[in-house]
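The file model.tsv contains TSV, N, CA and C atoms:
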chain	number	residue	atom	x	y	z
A	13	GLN	N	48.36	122.58	161.09
A	13	GLN	CA	48.87	121.50	160.25
A	13	GLN	C	50.34	121.26	160.58
A	14	VAL	N	50.67	120.01	160.84
A	14	VAL	CA	52.05	119.65	161.15
A	14	VAL	C	52.86	119.60	159.86
A	15	GLN	N	53.95	120.35	159.84
A	15	GLN	CA	54.74	120.44	158.62
A	15	GLN	C	56.21	120.67	158.94
A	16	LEU	N	57.08	120.10	158.10
A	16	LEU	CA	58.52	120.32	158.17
A	16	LEU	C	58.98	120.76	156.79
A	17	VAL	N	59.79	121.81	156.76
A	17	VAL	CA	60.30	122.33	155.49
A	17	VAL	C	61.81	122.46	155.59
A	18	GLU	N	62.51	121.65	154.80
A	18	GLU	CA	63.98	121.69	154.76
A	18	GLU	C	64.46	122.69	153.73
A	19	SER	N	65.66	123.25	153.98
A	19	SER	CA	66.29	124.15	153.05
A	19	SER	C	67.79	124.15	153.30
A	20	GLY	N	68.53	124.75	152.38
A	20	GLY	CA	69.96	124.92	152.57
A	20	GLY	C	70.84	124.01	151.75
A	21	GLY	N	70.23	123.10	151.00
A	21	GLY	CA	71.04	122.23	150.16
A	21	GLY	C	71.65	122.95	148.98
A	22	GLY	N	72.52	122.27	148.27
A	22	GLY	CA	73.15	122.86	147.10
A	22	GLY	C	74.32	122.04	146.64
A	23	LEU	N	75.09	122.62	145.73
A	23	LEU	CA	76.27	121.98	145.17
A	23	LEU	C	77.51	122.56	145.84
A	24	VAL	N	78.31	121.69	146.42
A	24	VAL	CA	79.54	122.14	147.07
A	24	VAL	C	80.69	121.21	146.69
A	25	GLN	N	81.90	121.72	146.81
A	25	GLN	CA	83.08	120.91	146.53
A	25	GLN	C	83.46	120.11	147.76
A	26	PRO	N	84.10	118.99	147.57
A	26	PRO	CA	84.56	118.20	148.72
A	26	PRO	C	85.42	119.05	149.66
A	27	GLY	N	85.20	118.84	150.96
A	27	GLY	CA	85.94	119.58	151.96
A	27	GLY	C	85.23	120.84	152.44
A	28	ASN	N	84.23	121.26	151.71
A	28	ASN	CA	83.49	122.47	152.09
A	28	ASN	C	82.35	122.15	153.04
A	29	SER	N	81.59	123.21	153.39
A	29	SER	CA	80.53	123.07	154.41
A	29	SER	C	79.19	123.55	153.87
A	30	LEU	N	78.15	123.05	154.51
A	30	LEU	CA	76.79	123.52	154.29
A	30	LEU	C	76.04	123.44	155.60
A	31	ARG	N	75.04	124.29	155.77
A	31	ARG	CA	74.14	124.18	156.92
A	31	ARG	C	72.72	124.01	156.41
A	32	LEU	N	72.12	122.92	156.80
A	32	LEU	CA	70.72	122.65	156.45
A	32	LEU	C	69.81	123.15	157.56
A	33	SER	N	68.65	123.62	157.17
A	33	SER	CA	67.64	124.07	158.13
A	33	SER	C	66.36	123.26	157.94
A	34	CYS	N	65.62	123.14	159.02
A	34	CYS	CA	64.34	122.43	158.98
A	34	CYS	C	63.36	123.23	159.85
A	35	ALA	N	62.47	123.94	159.20
A	35	ALA	CA	61.50	124.76	159.92
A	35	ALA	C	60.24	123.95	160.20
A	36	ALA	N	59.86	123.92	161.47
A	36	ALA	CA	58.68	123.15	161.88
A	36	ALA	C	57.50	124.07	162.12
A	37	SER	N	56.32	123.57	161.80
A	37	SER	CA	55.09	124.29	162.11
A	37	SER	C	54.04	123.28	162.55
A	38	GLY	N	53.13	123.74	163.40
A	38	GLY	CA	52.06	122.87	163.86
A	38	GLY	C	52.41	122.05	165.10
A	39	PHE	N	53.66	122.09	165.52
A	39	PHE	CA	54.07	121.43	166.75
A	39	PHE	C	55.35	122.07	167.26
A	40	THR	N	55.66	121.84	168.52
A	40	THR	CA	56.87	122.40	169.12
A	40	THR	C	58.00	121.39	168.96
A	41	LEU	N	58.95	121.74	168.13
A	41	LEU	CA	60.02	120.84	167.73
A	41	LEU	C	60.81	120.30	168.92
A	42	SER	N	61.05	121.15	169.90
A	42	SER	CA	61.89	120.76	171.04
A	42	SER	C	61.20	119.75	171.97
A	43	SER	N	59.91	119.52	171.77
A	43	SER	CA	59.19	118.57	172.60
A	43	SER	C	59.21	117.15	172.05
A	44	TYR	N	59.90	116.96	170.93
A	44	TYR	CA	59.92	115.66	170.28
A	44	TYR	C	61.34	115.29	169.86
A	45	TYR	N	61.59	114.00	169.76
A	45	TYR	CA	62.85	113.54	169.19
A	45	TYR	C	62.83	113.85	167.71
A	46	MET	N	63.89	114.47	167.23
A	46	MET	CA	63.99	114.85	165.83
A	46	MET	C	65.22	114.20	165.21
A	47	SER	N	65.09	113.78	163.98
A	47	SER	CA	66.20	113.14	163.28
A	47	SER	C	66.43	113.77	161.92
A	48	TRP	N	67.64	113.65	161.47
A	48	TRP	CA	67.99	113.90	160.07
A	48	TRP	C	68.26	112.53	159.45
A	49	VAL	N	67.72	112.32	158.27
A	49	VAL	CA	67.99	111.11	157.51
A	49	VAL	C	68.33	111.54	156.10
A	50	ARG	N	68.94	110.65	155.33
A	50	ARG	CA	69.31	111.00	153.96
A	50	ARG	C	69.11	109.80	153.05
A	51	GLN	N	68.97	110.11	151.78
A	51	GLN	CA	68.86	109.06	150.77
A	51	GLN	C	69.75	109.41	149.60
A	52	ALA	N	70.78	108.62	149.43
A	52	ALA	CA	71.69	108.81	148.31
A	52	ALA	C	71.05	108.25	147.04
A	53	PRO	N	71.49	108.73	145.88
A	53	PRO	CA	70.91	108.24	144.62
A	53	PRO	C	70.97	106.73	144.51
A	54	GLY	N	69.82	106.13	144.29
A	54	GLY	CA	69.76	104.69	144.11
A	54	GLY	C	69.90	103.85	145.36
A	55	LYS	N	69.88	104.51	146.53
A	55	LYS	CA	70.06	103.77	147.78
A	55	LYS	C	68.87	104.01	148.72
A	56	GLY	N	68.84	103.28	149.81
A	56	GLY	CA	67.79	103.42	150.78
A	56	GLY	C	68.03	104.56	151.75
A	57	LEU	N	67.08	104.74	152.66
A	57	LEU	CA	67.23	105.78	153.68
A	57	LEU	C	68.32	105.42	154.67
A	58	GLU	N	69.10	106.42	155.04
A	58	GLU	CA	70.14	106.26	156.05
A	58	GLU	C	69.92	107.28	157.15
A	59	TRP	N	69.80	106.80	158.37
A	59	TRP	CA	69.68	107.72	159.50
A	59	TRP	C	71.03	108.41	159.71
A	60	VAL	N	71.01	109.72	159.95
A	60	VAL	CA	72.23	110.51	160.05
A	60	VAL	C	72.47	111.01	161.48
A	61	SER	N	71.45	111.60	162.09
A	61	SER	CA	71.66	112.21	163.40
A	61	SER	C	70.33	112.37	164.12
A	62	GLY	N	70.37	112.39	165.45
A	62	GLY	CA	69.18	112.57	166.24
A	62	GLY	C	69.39	113.51	167.41
A	63	PHE	N	68.32	114.18	167.79
A	63	PHE	CA	68.37	115.16	168.87
A	63	PHE	C	67.20	114.86	169.80
A	64	SER	N	67.50	114.57	171.06
A	64	SER	CA	66.43	114.17	171.99
A	64	SER	C	65.53	115.35	172.35
A	65	GLU	N	64.29	115.00	172.66
A	65	GLU	CA	63.34	116.03	173.09
A	65	GLU	C	63.74	116.56	174.47
A	66	GLY	N	63.60	117.86	174.65
A	66	GLY	CA	63.86	118.44	175.96
A	66	GLY	C	65.33	118.59	176.29
A	67	GLY	N	66.03	117.47	176.34
A	67	GLY	CA	67.43	117.49	176.78
A	67	GLY	C	68.40	117.82	175.66
A	68	ASP	N	69.63	117.49	175.89
A	68	ASP	CA	70.66	117.85	174.92
A	68	ASP	C	71.40	116.62	174.40
A	69	SER	N	70.72	115.50	174.33
A	69	SER	CA	71.38	114.31	173.81
A	69	SER	C	71.37	114.34	172.29
A	70	LYS	N	72.56	114.26	171.73
A	70	LYS	CA	72.71	114.27	170.28
A	70	LYS	C	73.52	113.05	169.89
A	71	ILE	N	73.07	112.33	168.88
A	71	ILE	CA	73.81	111.17	168.42
A	71	ILE	C	73.96	111.22	166.91
A	72	TYR	N	74.99	110.54	166.44
A	72	TYR	CA	75.35	110.61	165.02
A	72	TYR	C	75.68	109.23	164.49
A	73	ALA	N	75.42	109.06	163.21
A	73	ALA	CA	75.88	107.85	162.53
A	73	ALA	C	77.40	107.90	162.45
A	74	ASP	N	78.03	106.74	162.45
A	74	ASP	CA	79.49	106.70	162.39
A	74	ASP	C	80.01	107.39	161.12
A	75	SER	N	79.24	107.35	160.06
A	75	SER	CA	79.68	107.91	158.79
A	75	SER	C	79.81	109.43	158.82
A	76	VAL	N	79.17	110.08	159.78
A	76	VAL	CA	79.22	111.55	159.83
A	76	VAL	C	79.78	112.08	161.15
A	77	LYS	N	80.06	111.19	162.08
A	77	LYS	CA	80.53	111.61	163.41
A	77	LYS	C	81.81	112.42	163.28
A	78	GLY	N	81.84	113.56	163.97
A	78	GLY	CA	83.01	114.43	163.93
A	78	GLY	C	82.97	115.43	162.80
A	79	ARG	N	82.02	115.27	161.87
A	79	ARG	CA	81.93	116.21	160.73
A	79	ARG	C	80.60	116.97	160.73
A	80	PHE	N	79.55	116.34	161.21
A	80	PHE	CA	78.21	116.94	161.22
A	80	PHE	C	77.83	117.30	162.66
A	81	THR	N	77.06	118.38	162.79
A	81	THR	CA	76.56	118.81	164.10
A	81	THR	C	75.09	119.16	164.00
A	82	ILE	N	74.29	118.52	164.85
A	82	ILE	CA	72.86	118.82	164.89
A	82	ILE	C	72.60	119.84	165.98
A	83	SER	N	71.68	120.74	165.72
A	83	SER	CA	71.32	121.74	166.71
A	83	SER	C	69.90	122.20	166.47
A	84	ARG	N	69.40	123.00	167.39
A	84	ARG	CA	68.05	123.55	167.19
A	84	ARG	C	67.96	124.92	167.82
A	85	ASP	N	67.04	125.71	167.29
A	85	ASP	CA	66.74	127.03	167.83
A	85	ASP	C	65.27	126.98	168.22
A	86	SER	N	65.02	126.89	169.52
A	86	SER	CA	63.65	126.75	169.99
A	86	SER	C	62.82	127.97	169.68
A	87	ALA	N	63.43	129.14	169.72
A	87	ALA	CA	62.69	130.38	169.44
A	87	ALA	C	62.19	130.40	167.99
A	88	LYS	N	62.98	129.80	167.10
A	88	LYS	CA	62.60	129.77	165.69
A	88	LYS	C	61.91	128.46	165.32
A	89	ASN	N	61.83	127.53	166.28
A	89	ASN	CA	61.23	126.23	166.03
A	89	ASN	C	61.87	125.56	164.81
A	90	THR	N	63.19	125.61	164.79
A	90	THR	CA	63.96	125.16	163.62
A	90	THR	C	65.09	124.23	164.05
A	91	LEU	N	65.28	123.19	163.29
A	91	LEU	CA	66.37	122.22	163.47
A	91	LEU	C	67.43	122.48	162.41
A	92	TYR	N	68.68	122.27	162.77
A	92	TYR	CA	69.78	122.51	161.84
A	92	TYR	C	70.68	121.28	161.74
A	93	LEU	N	71.39	121.20	160.65
A	93	LEU	CA	72.46	120.22	160.49
A	93	LEU	C	73.64	120.94	159.84
A	94	GLN	N	74.66	121.19	160.64
A	94	GLN	CA	75.90	121.78	160.12
A	94	GLN	C	76.76	120.64	159.59
A	95	MET	N	77.12	120.74	158.32
A	95	MET	CA	77.89	119.69	157.68
A	95	MET	C	79.23	120.25	157.24
A	96	ASP	N	80.28	119.76	157.85
A	96	ASP	CA	81.64	120.21	157.53
A	96	ASP	C	82.42	119.06	156.89
A	97	SER	N	83.52	119.42	156.26
A	97	SER	CA	84.40	118.42	155.62
A	97	SER	C	83.59	117.45	154.77
A	98	LEU	N	82.76	118.00	153.93
A	98	LEU	CA	81.86	117.18	153.12
A	98	LEU	C	82.65	116.28	152.16
A	99	LYS	N	82.10	115.08	151.95
A	99	LYS	CA	82.69	114.10	151.06
A	99	LYS	C	81.71	113.80	149.93
A	100	THR	N	82.21	113.26	148.85
A	100	THR	CA	81.33	112.93	147.72
A	100	THR	C	80.24	111.95	148.16
A	101	GLU	N	80.57	111.07	149.10
A	101	GLU	CA	79.59	110.09	149.56
A	101	GLU	C	78.49	110.69	150.44
A	102	ASP	N	78.60	111.99	150.75
A	102	ASP	CA	77.52	112.67	151.47
A	102	ASP	C	76.42	113.15	150.52
A	103	THR	N	76.63	113.00	149.24
A	103	THR	CA	75.63	113.40	148.26
A	103	THR	C	74.33	112.62	148.49
A	104	ALA	N	73.24	113.37	148.70
A	104	ALA	CA	71.96	112.73	149.01
A	104	ALA	C	70.88	113.79	149.14
A	105	VAL	N	69.65	113.34	149.19
A	105	VAL	CA	68.55	114.19	149.62
A	105	VAL	C	68.44	114.04	151.13
A	106	TYR	N	68.45	115.16	151.82
A	106	TYR	CA	68.42	115.16	153.28
A	106	TYR	C	67.02	115.56	153.76
A	107	TYR	N	66.52	114.78	154.70
A	107	TYR	CA	65.21	115.03	155.28
A	107	TYR	C	65.32	115.18	156.79
A	108	CYS	N	64.54	116.08	157.35
A	108	CYS	CA	64.37	116.06	158.79
A	108	CYS	C	63.05	115.37	159.10
A	109	ALA	N	62.97	114.80	160.28
A	109	ALA	CA	61.78	114.02	160.61
A	109	ALA	C	61.46	114.09	162.09
A	110	LYS	N	60.19	114.13	162.38
A	110	LYS	CA	59.69	113.95	163.75
A	110	LYS	C	59.71	112.45	163.99
A	111	ASP	N	60.55	112.05	164.91
A	111	ASP	CA	60.89	110.64	165.06
A	111	ASP	C	60.23	110.07	166.30
A	112	SER	N	59.22	109.24	166.09
A	112	SER	CA	58.50	108.61	167.20
A	112	SER	C	58.82	107.13	167.25
A	113	GLY	N	60.04	106.81	166.87
A	113	GLY	CA	60.41	105.41	166.69
A	113	GLY	C	60.20	105.00	165.25
A	114	TYR	N	59.48	105.81	164.56
A	114	TYR	CA	59.34	105.73	163.11
A	114	TYR	C	59.25	107.17	162.63
A	115	LEU	N	59.43	107.39	161.32
A	115	LEU	CA	59.44	108.75	160.78
A	115	LEU	C	57.99	109.21	160.62
A	116	GLU	N	57.48	109.78	161.70
A	116	GLU	CA	56.05	110.13	161.75
A	116	GLU	C	55.72	111.27	160.79
A	117	VAL	N	56.59	112.27	160.77
A	117	VAL	CA	56.39	113.42	159.89
A	117	VAL	C	57.74	113.76	159.28
A	118	TRP	N	57.78	113.98	157.98
A	118	TRP	CA	59.01	114.43	157.36
A	118	TRP	C	58.71	115.40	156.24
A	119	GLY	N	59.72	116.15	155.86
A	119	GLY	CA	59.54	117.18	154.86
A	119	GLY	C	59.80	116.68	153.46
A	120	GLN	N	59.94	117.65	152.56
A	120	GLN	CA	60.13	117.31	151.14
A	120	GLN	C	61.59	117.02	150.80
A	121	GLY	N	62.47	117.38	151.73
A	121	GLY	CA	63.89	117.11	151.53
A	121	GLY	C	64.61	118.24	150.82
A	122	THR	N	65.92	118.26	150.99
A	122	THR	CA	66.78	119.22	150.29
A	122	THR	C	67.99	118.47	149.76
A	123	LEU	N	68.34	118.73	148.51
A	123	LEU	CA	69.40	117.98	147.83
A	123	LEU	C	70.77	118.58	148.12
A	124	VAL	N	71.66	117.74	148.55
A	124	VAL	CA	73.06	118.11	148.75
A	124	VAL	C	73.89	117.32	147.75
A	125	THR	N	74.65	118.04	146.95
A	125	THR	CA	75.53	117.40	145.97
A	125	THR	C	76.96	117.84	146.26
A	126	VAL	N	77.81	116.86	146.54
A	126	VAL	CA	79.21	117.13	146.81
A	126	VAL	C	80.03	116.62	145.64
A	127	SER	N	80.59	117.56	144.92
A	127	SER	CA	81.30	117.19	143.69
A	127	SER	C	82.30	118.26	143.33
A	128	SER	N	83.42	117.81	142.75
A	128	SER	CA	84.41	118.77	142.28
A	128	SER	C	84.16	119.15	140.83

Hey, can you dump this file as structure tokens for me?
Amino acid sequence: QVQLVESGGGLVQPGNSLRLSCAASGFTLSSYYMSWVRQAPGKGLEWVSGFSEGGDSKIYADSVKGRFTISRDSAKNTLYLQMDSLKTEDTAVYYCAKDSGYLEVWGQGTLVTVSS
């Protein structure tokens, strides 16, 4: 069964960091393009970052460039999102997704709240 399970969210103060994890099962994560997307309260989905299959191409939305880093551990079949210098506007539910040009598979999400 193809499944993605996100974890690592929580409540943090502005300027602090969090690392999100996305554990994949039922497929080999590194063989597919993977994305992180988020949904802020009352807003639509926003694409955050992508990691190409096989290679090392990583891209970021302008809103997170220089603050967020996407990575993966092939041995653990897990995708990560390191989030530094968090801002209140980063508050959202974060999802990882198997991205086939559309969000083919995604998890239940993990809530990140940035607040003082």

Neighbours of point (83.6, 115.7, 155.5) within 7 Å, using only N, CA and C atoms, written as a PyMOL selection string: chain A and resi 26-28+79+95-99

Can you work out which one of A:Thr100, A:Val60, A:Ala52, A:Thr40 has the shortest atom-to-atom distance to Ser128 (chain A), counting all atoms listed in the file?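 Distance minimum relative to Ser128 (chain A) lands on A:Thr100.
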
Using only N, CA and C atoms, the shortest atom-to-atom distance to Leu93 (chain A) among A:Ala73, A:Phe80, A:Thr125, A:Gly54 belongs to A:Phe80

Using CA of Ile82 (chain A) and CA of Phe63 (chain A) as the two end points, give the distance in Å to one decimal. 7.0 Å

Could you list, as number ranges by chain, every residue within 9 Å of Thr122 (chain A), counting only C-alpha atoms and ignoring same-chain residues fewer than 3 positions away? A: 17-22, 32, 104-107, 119

Can you pull out every residue from region 29-76 of chain A that DSSP, working from the backbone, puts in strand (DSSP E or B), and format the result as a list of chain:residue names? A:Leu30, A:Arg31, A:Leu32, A:Ser33, A:Cys34, A:Ala35, A:Ala36, A:Ser37, A:Met46, A:Ser47, A:Trp48, A:Val49, A:Arg50, A:Gln51, A:Leu57, A:Glu58, A:Trp59, A:Val60, A:Ser61, A:Gly62, A:Phe63, A:Lys70, A:Ile71, A:Tyr72

Rank A:Val49, A:Gln25, A:Gly121, A:Cys34 by their smallest atom-to-atom distance to Tyr92 (chain A), using all atoms listed in the file, and report the top residue only. A:Cys34

Between CA of Gln120 (chain A) and CA of Ala35 (chain A) - distance in Å to one decimal: 11.6 Å

Would you please work out which residue, of A:Ser127, A:Ser69, A:Ser47, A:Ser61, is nearest to Tyr114 (chain A) when using only C-alpha atoms? A:Ser47

As an exercise, work out the distance from CA of Arg50 (chain A) to CA of Asp68 (chain A) in Å and give it to one decimal place.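 Computing the Euclidean distance for CA of Arg50 (chain A) and CA of Asp68 (chain A) yields 22.1 Å.
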
Radius query 7 Å about (53.5, 121.0, 164.8), atoms used: all atoms listed in the file, as a VMD selection string: chain A and resid 13 to 15 36 to 41

Which of these, A:Tyr45, A:Val124, A:Trp59, A:Leu16, has the shortest distance to Asp74 (chain A) once you count only C-alpha atoms?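 Distance minimum relative to Asp74 (chain A) lands on A:Trp59.
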
Any chance you could work out the axis-aligned box around region 62-68 of chain A, listed atoms only, 8 Å on each side, giving centre and edge lengths in Å to one decimal, as JSON?
{"center_x": 67.4, "center_y": 115.5, "center_z": 171.1, "size_x": 24.1, "size_y": 22.2, "size_z": 27.3}

Can you pull out every residue from chain A that DSSP, working from the backbone, puts in helix (DSSP H, G or I), and format the result as a list of chain:residue names?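 After running DSSP on the backbone, chain A has helix (DSSP H, G or I) at A:Leu41, A:Ser42, A:Ser43, A:Thr100, A:Glu101, A:Asp102.
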